[in-house]
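Novice: Got a structure for you, run.txt, holding compact mmCIF, C-alpha atoms.
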# COMPACT_ATOMS: atom_id res chain seq x y z
CA MET A 1 -78.49 -20.55 58.25
CA VAL A 2 -82.10 -21.00 57.24
CA GLU A 3 -83.08 -23.17 54.25
CA LEU A 4 -84.35 -20.72 51.68
CA ALA A 5 -84.62 -19.96 47.96
CA LYS A 6 -82.89 -21.71 45.09
CA LEU A 7 -80.90 -18.57 44.46
CA LYS A 8 -78.14 -18.30 47.05
CA ILE A 9 -76.20 -15.32 48.34
CA GLY A 10 -73.43 -14.70 45.82
CA ASP A 11 -75.41 -16.13 42.87
CA LYS A 12 -76.05 -14.04 39.78
CA ALA A 13 -79.50 -12.61 39.06
CA LEU A 14 -81.66 -14.60 36.68
CA PRO A 15 -82.97 -12.75 33.63
CA PHE A 16 -86.64 -11.95 33.18
CA ASN A 17 -88.77 -10.08 30.70
CA LEU A 18 -92.28 -9.46 31.96
CA PRO A 19 -95.22 -7.16 31.23
CA GLY A 20 -95.79 -4.29 33.61
CA VAL A 21 -98.95 -2.51 34.69
CA ASP A 22 -97.79 0.56 32.75
CA GLY A 23 -98.06 -1.40 29.50
CA LEU A 24 -94.32 -1.78 29.10
CA ASN A 25 -92.27 -4.94 29.32
CA GLN A 26 -89.37 -4.77 31.74
CA SER A 27 -86.28 -6.93 31.64
CA LEU A 28 -83.49 -7.35 34.14
CA GLU A 29 -81.06 -6.20 31.45
CA GLY A 30 -82.98 -2.95 31.27
CA PHE A 31 -81.76 -2.11 34.76
CA SER A 32 -78.08 -2.64 34.03
CA GLY A 33 -75.96 0.18 35.34
CA ARG A 34 -78.05 0.61 38.47
CA ALA A 35 -76.21 0.57 41.79
CA ALA A 36 -78.67 -2.06 43.02
CA VAL A 37 -81.79 -3.85 41.84
CA VAL A 38 -84.35 -5.09 44.34
CA VAL A 39 -86.66 -7.80 43.02
CA ILE A 40 -89.66 -8.28 45.31
CA PHE A 41 -92.08 -11.13 44.70
CA SER A 42 -95.37 -9.56 45.65
CA CYS A 43 -99.08 -9.63 44.92
CA ASN A 44 -102.35 -7.84 45.57
CA HIS A 45 -104.27 -10.00 47.99
CA CYS A 46 -101.69 -10.81 50.65
CA PRO A 47 -102.20 -8.93 53.93
CA TYR A 48 -98.47 -9.00 54.64
CA VAL A 49 -97.80 -7.25 51.33
CA ARG A 50 -100.47 -4.71 52.16
CA ALA A 51 -98.93 -4.13 55.58
CA TRP A 52 -95.50 -3.49 53.99
CA GLU A 53 -96.69 -1.74 50.81
CA ASP A 54 -96.19 1.85 51.96
CA ARG A 55 -92.71 0.99 53.22
CA ILE A 56 -91.80 -0.47 49.82
CA VAL A 57 -92.86 2.78 48.14
CA GLU A 58 -90.85 4.76 50.72
CA ILE A 59 -87.73 2.69 50.12
CA GLN A 60 -87.89 3.29 46.37
CA LYS A 61 -88.42 7.00 47.00
CA ASP A 62 -85.56 7.24 49.48
CA TYR A 63 -83.04 5.31 47.36
CA ALA A 64 -84.00 6.28 43.80
CA GLY A 65 -81.51 9.12 43.78
CA ARG A 66 -78.73 6.70 44.66
CA GLY A 67 -79.29 4.43 41.70
CA VAL A 68 -81.49 1.82 43.36
CA GLN A 69 -84.31 0.24 41.34
CA LEU A 70 -87.14 -1.75 42.91
CA VAL A 71 -89.20 -4.17 40.82
CA ALA A 72 -92.26 -6.03 42.12
CA ILE A 73 -93.33 -9.28 40.46
CA ASN A 74 -96.72 -10.92 40.97
CA ALA A 75 -96.74 -14.62 40.08
CA ASN A 76 -99.95 -15.65 41.85
CA ASP A 77 -102.54 -17.75 40.04
CA ALA A 78 -105.13 -15.12 39.11
CA MET A 79 -107.69 -17.72 38.04
CA LYS A 80 -108.06 -18.95 41.60
CA TYR A 81 -107.22 -15.61 43.19
CA PRO A 82 -108.89 -12.95 40.99
CA GLU A 83 -107.67 -10.17 43.25
CA ASP A 84 -104.28 -10.81 41.64
CA SER A 85 -105.41 -10.34 38.05
CA PHE A 86 -103.48 -7.97 35.80
CA GLU A 87 -106.38 -5.50 35.86
CA LYS A 88 -106.45 -5.52 39.65
CA MET A 89 -102.68 -5.06 39.66
CA LYS A 90 -103.10 -1.92 37.58
CA GLN A 91 -105.71 -0.63 40.03
CA ARG A 92 -103.49 -1.30 43.03
CA ALA A 93 -100.49 0.39 41.44
CA ASN A 94 -102.60 3.46 40.74
CA GLU A 95 -104.22 3.53 44.17
CA LYS A 96 -100.92 3.21 46.03
CA GLY A 97 -98.87 5.32 43.65
CA PHE A 98 -96.30 2.63 42.95
CA ASN A 99 -93.03 4.31 41.99
CA PHE A 100 -91.51 1.09 40.65
CA PRO A 101 -92.48 -1.41 37.92
CA TYR A 102 -95.15 -3.91 38.95
CA LEU A 103 -94.80 -6.93 36.69
CA ARG A 104 -96.95 -9.98 35.96
CA ASP A 105 -95.29 -13.42 35.95
CA GLU A 106 -98.21 -15.27 34.38
CA SER A 107 -96.27 -18.47 33.69
CA GLN A 108 -94.74 -18.38 37.19
CA GLN A 109 -91.41 -19.36 35.61
CA VAL A 110 -89.52 -16.42 37.10
CA ALA A 111 -90.78 -17.08 40.61
CA ARG A 112 -89.94 -20.76 40.26
CA ALA A 113 -86.47 -20.00 38.86
CA TYR A 114 -85.69 -17.70 41.77
CA GLY A 115 -87.15 -20.18 44.21
CA ALA A 116 -89.44 -17.57 45.71
CA GLU A 117 -92.07 -18.96 48.06
CA ARG A 118 -93.66 -16.00 49.81
CA THR A 119 -95.05 -12.54 49.29
CA PRO A 120 -93.33 -10.27 49.90
CA GLU A 121 -89.93 -11.88 49.35
CA VAL A 122 -86.91 -9.72 48.58
CA PHE A 123 -83.89 -10.48 46.37
CA LEU A 124 -81.35 -7.64 46.40
CA PHE A 125 -78.66 -7.58 43.72
CA ASP A 126 -75.67 -5.27 43.56
CA LYS A 127 -74.43 -3.49 40.43
CA THR A 128 -72.72 -6.67 39.20
CA GLY A 129 -76.01 -8.58 39.48
CA THR A 130 -74.85 -10.57 42.49
CA LEU A 131 -77.38 -11.53 45.16
CA ARG A 132 -76.42 -9.66 48.33
CA TYR A 133 -79.57 -9.96 50.47
CA HIS A 134 -82.58 -12.25 50.46
CA GLY A 135 -85.59 -12.34 52.76
CA ALA A 136 -87.94 -9.96 54.53
CA ILE A 137 -88.10 -6.19 54.26
CA ASP A 138 -87.75 -5.65 57.99
CA ASP A 139 -88.57 -7.40 61.24
CA ASN A 140 -92.10 -6.09 61.88
CA TYR A 141 -94.78 -6.34 59.22
CA ASP A 142 -97.42 -5.30 61.70
CA ASN A 143 -96.21 -1.93 62.86
CA PRO A 144 -93.65 0.27 61.11
CA ALA A 145 -93.18 2.24 64.31
CA GLU A 146 -91.88 -0.86 66.06
CA VAL A 147 -89.34 -1.99 63.46
CA LYS A 148 -86.01 -2.77 65.08
CA ALA A 149 -84.11 -4.33 62.16
CA ARG A 150 -84.41 -2.70 58.73
CA TYR A 151 -82.96 -5.60 56.76
CA LEU A 152 -83.45 -4.27 53.25
CA ARG A 153 -82.44 -0.69 54.01
CA ASP A 154 -79.36 -1.89 55.91
CA ALA A 155 -78.36 -4.14 53.02
CA LEU A 156 -78.87 -1.30 50.54
CA ASP A 157 -76.76 1.01 52.68
CA ALA A 158 -74.04 -1.63 52.76
CA ILE A 159 -74.05 -2.06 48.99
CA LEU A 160 -73.99 1.68 48.41
CA THR A 161 -70.99 2.10 50.69
CA GLY A 162 -69.17 -0.87 49.24
CA THR A 163 -69.43 -3.11 52.29
CA MET A 164 -71.12 -6.41 53.06
CA ALA A 165 -74.55 -6.45 54.64
CA GLY A 166 -74.41 -7.55 58.28
CA ILE A 167 -77.47 -9.72 57.73
CA GLN A 168 -77.54 -11.29 54.27
CA GLU A 169 -80.49 -13.61 54.64
CA THR A 170 -83.68 -13.73 56.71
CA ARG A 171 -86.78 -15.87 56.51
CA PRO A 172 -89.42 -14.18 54.33
CA ILE A 173 -92.67 -13.55 56.20
CA GLY A 174 -95.88 -13.60 54.18
CA CYS A 175 -98.42 -15.63 52.28
CA THR A 176 -97.29 -18.48 50.07
CA ILE A 177 -97.14 -17.82 46.34
CA LYS A 178 -100.32 -19.28 44.84
CA TRP A 179 -99.05 -21.82 42.33
CA LYS A 180 -101.13 -23.11 39.46
CA MET B 1 -110.48 -13.37 76.44
CA LEU B 2 -113.75 -15.28 76.80
CA ALA B 3 -112.95 -15.81 80.48
CA GLU B 4 -112.03 -12.15 80.88
CA GLU B 5 -115.38 -11.21 79.41
CA ASP B 6 -117.17 -13.75 81.62
CA VAL B 7 -118.38 -15.68 78.60
CA ARG B 8 -118.71 -19.43 78.71
CA ALA B 9 -118.77 -20.71 75.17
CA GLY B 10 -117.41 -23.56 73.16
CA VAL B 11 -114.73 -22.81 70.59
CA GLU B 12 -114.61 -24.85 67.41
CA ILE B 13 -111.73 -24.74 64.94
CA VAL B 14 -112.76 -25.51 61.35
CA ARG B 15 -110.05 -26.40 58.84
CA VAL B 16 -110.70 -24.90 55.40
CA GLU B 17 -108.26 -26.39 52.93
CA THR B 18 -109.91 -26.39 49.51
CA PHE B 19 -111.92 -24.02 47.34
CA GLU B 20 -114.90 -26.32 47.83
CA ASP B 21 -114.53 -25.99 51.61
CA ALA B 22 -114.25 -22.22 51.26
CA GLU B 23 -117.40 -21.92 49.14
CA ARG B 24 -119.37 -24.17 51.46
CA GLU B 25 -118.31 -22.28 54.58
CA HIS B 26 -118.52 -18.81 52.94
CA TYR B 27 -114.93 -18.42 54.02
CA PRO B 28 -113.07 -15.31 52.85
CA GLY B 29 -109.69 -16.30 54.27
CA SER B 30 -107.64 -17.20 57.28
CA PRO B 31 -108.35 -16.44 60.00
CA THR B 32 -112.10 -15.95 60.00
CA ILE B 33 -113.78 -15.74 63.39
CA LEU B 34 -117.49 -16.35 63.70
CA ILE B 35 -119.46 -15.72 66.88
CA ASP B 36 -122.85 -17.42 66.84
CA GLY B 37 -122.35 -17.79 63.10
CA GLU B 38 -121.64 -14.10 62.48
CA ASP B 39 -118.31 -12.92 61.11
CA ILE B 40 -116.70 -10.48 63.55
CA CYS B 41 -115.79 -8.35 60.52
CA PRO B 42 -118.56 -8.95 57.96
CA MET B 43 -117.37 -9.01 54.37
CA PRO B 44 -119.13 -7.10 51.57
CA PRO B 45 -121.35 -8.88 49.05
CA GLY B 46 -119.41 -10.47 46.21
CA THR B 47 -116.50 -11.47 48.41
CA HIS B 48 -114.36 -14.19 46.84
CA TYR B 49 -114.21 -17.35 48.94
CA ALA B 50 -110.81 -19.03 48.94
CA PRO B 51 -108.32 -20.87 51.11
CA ALA B 52 -106.10 -17.82 51.42
CA CYS B 53 -104.86 -15.27 53.88
CA ARG B 54 -107.29 -12.56 54.89
CA THR B 55 -106.64 -8.86 55.21
CA TYR B 56 -108.00 -6.96 58.18
CA VAL B 57 -108.08 -3.18 58.39
CA LEU B 58 -107.25 -2.16 61.93
CA ASP B 59 -108.81 0.80 63.71
CA ASP B 60 -105.85 3.04 62.83
CA GLY B 61 -106.04 2.09 59.15
CA ARG B 62 -103.13 -0.35 59.12
CA PHE B 63 -103.53 -3.60 57.18
CA SER B 64 -102.96 -6.81 59.07
CA PRO B 65 -103.28 -10.56 58.52
CA LEU B 66 -104.97 -10.76 61.94
CA PRO B 67 -107.82 -8.92 63.62
CA SER B 68 -106.72 -6.93 66.64
CA VAL B 69 -107.51 -8.11 70.15
CA LEU B 70 -109.74 -5.06 70.47
CA MET B 71 -111.74 -6.06 67.38
CA ILE B 72 -112.33 -9.54 68.78
CA ARG B 73 -113.19 -8.19 72.21
CA ARG B 74 -115.70 -5.75 70.75
CA ALA B 75 -117.40 -8.56 68.84
CA VAL B 76 -117.57 -10.75 71.96
CA ARG B 77 -119.12 -7.90 73.94
CA ALA B 78 -121.62 -7.16 71.18
CA ALA B 79 -122.67 -10.80 71.02
CA LYS B 80 -122.99 -10.91 74.79
CA ALA B 81 -125.12 -7.76 74.80
CA ASN B 82 -127.26 -9.17 72.05
CA LEU B 83 -127.96 -12.28 74.13
CA LYS B 84 -129.07 -10.13 77.05
CA ASN B 85 -131.27 -7.98 74.82
CA PRO B 86 -132.32 -10.29 72.02
CA THR B 87 -134.97 -7.93 70.66
CA GLN B 88 -132.54 -5.04 70.15
Once you've parsed the file, please lay out its structure as C-alpha cells.
Specialist:
Amino acid sequence: MVELAKLKIGDKALPFNLPGVDGLNQSLEGFSGRAAVVVIFSCNHCPYVRAWEDRIVEIQKDYAGRGVQLVAINANDAMKYPEDSFEKMKQRANEKGFNFPYLRDESQQVARAYGAERTPEVFLFDKTGTLRYHGAIDDNYDNPAEVKARYLRDALDAILTGTMAGIQETRPIGCTIKWK
Amino acid sequence: MLAEEDVRAGVEIVRVETFEDAEREHYPGSPTILIDGEDICPMPPGTHYAPACRTYVLDDGRFSPLPSVLMIRRAVRAAKANLKNPTQ
C-alpha cells in the first residue's frame, strides 16, 4: 500500500463550497443523489493535466447518463503561477469544452483537507459519499492509445455495478500542487 | 543520442529551484534543454519564468511534460549543421 492522501479509502467525502468558472458556486451537497462524484484536483499549467484533459472530458461524457458527476478543483497559487488564475481557468474551460464544474480553491483549504498533493489527483466517492478510489486516471498520461489500466473507469464501473474496485488506490502522477 | 549523432559536447545540468533562479536563467519550466544557449523549443515573448513543470506540444499535437526524442534529435542536428555552416 502506498502512502497517500489524508483521506483514506472508506472515509467520507469532505464538504466544499467553491466558485466555478461558470459564475456559480458548487458544493458537495449539491451533488447528493448522484451515483458517484469524482473530485479531481487539477489546474491549468500542469503538462500532466493537459495530457489527460481530453480523457477527463470523455469520462464525464461517457458516464453522465449513469449519474456520475466530475468536479475539477484548482488550488494552485495563482500569484506565483498566473496561468492558474481564475480568468485563465475560464479560458481553459471554454477552449476545452469542459462538461463538468471547474472550481477555484483560492484558500487551498479543500486541497489541504483532502490531502491532495498532485495534479491531476482523483478522489472517487460512491452515492453514500464514501471514498472508493484515489489516485491516477489511468496508467499512461503520455499516450491514450497505450493505456493498459483504466483505473478511474474501472472503479466507476465497479461502483455502478455495486461491486468493489479491483484497484482502489494508485499513486497520482503529476505536478505538485503549488502551495502558497 | 549525442554519440549517435557523432557530437562531442559537454552536458551541464543546472538546478533551478527558486523564482529568482528562474528569472535569472530565463527558465520556463522543467525540463528546459539548451543547445549552445538556445532553447530546443523556443518560448514566445512574455513567457512566465518559474520553477514549474513545462508543457511540450509533440508533433502529433499531444501535450507532454517532456520533449520527444525526435524533438531533441532534430535540435542536435540543427545545431550541428549550424556549426558546419555558420553563415547560414
Novice: Would you kindly report the residues of chain A within 9 Å of chain B, using only C-alpha atoms, as a PyMOL selection string?
Specialist: chain A and resi 45-52+80-83+141-143+175-176+178
Novice: Compare A:Val57, A:Leu70, A:Cys43, A:Ala64 by their minimum atom-to-atom distance to Leu28 in chain A, counting only C-alpha atoms, and give me the closest one.
Specialist: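 The closest residue to Leu28 in chain A is A:Leu70.
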Novice: Skip Val69 in chain B itself and residues of its chain fewer than 2 positions away, then list as a list in words all residues within 12 Å of it, counting only C-alpha atoms.
Specialist: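 Neighbouring residues, sequence-local ones excluded: Met1, Leu2, Ile33, Ile40, Leu58, Asp59, Leu66, Pro67, Met71, Ile72, Arg73, Arg74, Ala75 and Val76 of chain B.
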Novice: Dump C-alpha atoms for the selected residues as a JSON list (two decimals), keeping the file's coordinate frame?
Specialist:
[["chain", "number", "residue", "atom", "x", "y", "z"],
["B", 1, "MET", "CA", -110.48, -13.37, 76.44],
["B", 2, "LEU", "CA", -113.75, -15.28, 76.80],
["B", 33, "ILE", "CA", -113.78, -15.74, 63.39],
["B", 40, "ILE", "CA", -116.70, -10.48, 63.55],
["B", 58, "LEU", "CA", -107.25, -2.16, 61.93],
["B", 59, "ASP", "CA", -108.81, 0.80, 63.71],
["B", 66, "LEU", "CA", -104.97, -10.76, 61.94],
["B", 67, "PRO", "CA", -107.82, -8.92, 63.62],
["B", 71, "MET", "CA", -111.74, -6.06, 67.38],
["B", 72, "ILE", "CA", -112.33, -9.54, 68.78],
["B", 73, "ARG", "CA", -113.19, -8.19, 72.21],
["B", 74, "ARG", "CA", -115.70, -5.75, 70.75],
["B", 75, "ALA", "CA", -117.40, -8.56, 68.84],
["B", 76, "VAL", "CA", -117.57, -10.75, 71.96]]
Novice: Quick one: residues within 12 Å of Gly37 in chain B, all atoms listed in the file counted, chain neighbours fewer than 4 positions away excluded, as a PyMOL selection string?
Specialist: chain B and resi 11-12+25-27+32-33+41-42+75+79
Novice: Extract, using only C-alpha atoms, all DNA, RNA and protein residues at most 9 Å from Val21 in chain A, discarding same-chain residues fewer than 3 positions from it, and format them as a list in words.
Specialist: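 Here the answer would be Leu24, Asn25, Phe86, Glu87, Met89, Lys90, Gln91, Ala93, Pro101, Tyr102, Leu103 and Arg104 of chain A.
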Novice: Mind pulling up the distance from CA of Asp54 in chain A to CA of Glu146 in chain A?
Specialist: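 CA of Asp54 in chain A lies at a distance of 15.0 Å from CA of Glu146 in chain A.
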Novice: Please write out, as lines of an AutoDock Vina configuration file, where the centre of an axis-aligned box around all listed atoms of range 52-55 of chain B lies and how long its edges are, in Å to one decimal, after adding 5 Å on each side.
Specialist:
center_x = -106.1
center_y = -13.3
center_z = 53.3
size_x = 12.4
size_y = 19.0
size_z = 13.8
Novice: Which neighbours of Arg77 in chain B fall inside 10 Å, counting all atoms listed in the file, when residues of the same chain fewer than 6 positions from it are skipped, and could you give them as a PyMOL selection string?
Specialist: chain B and resi 2+5-7+83
Novice: One number please: CA of Pro144 in chain A to CA of Ile173 in chain A, in Å, one decimal.
Specialist: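 Calculated distance between CA of Pro144 in chain A and CA of Ile173 in chain A is 14.7 Å.
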Novice: Nearest residue to Asp139 in chain A out of A:Thr163, A:Thr170, A:Gln109, A:Thr119, using only C-alpha atoms?
Specialist: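 Under the stated criterion, the closest residue is A:Thr170.
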Novice: CA of Tyr151 in chain A and CA of Gly97 in chain A, how far apart in Å?
Specialist: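 A separation of 23.3 Å between them.
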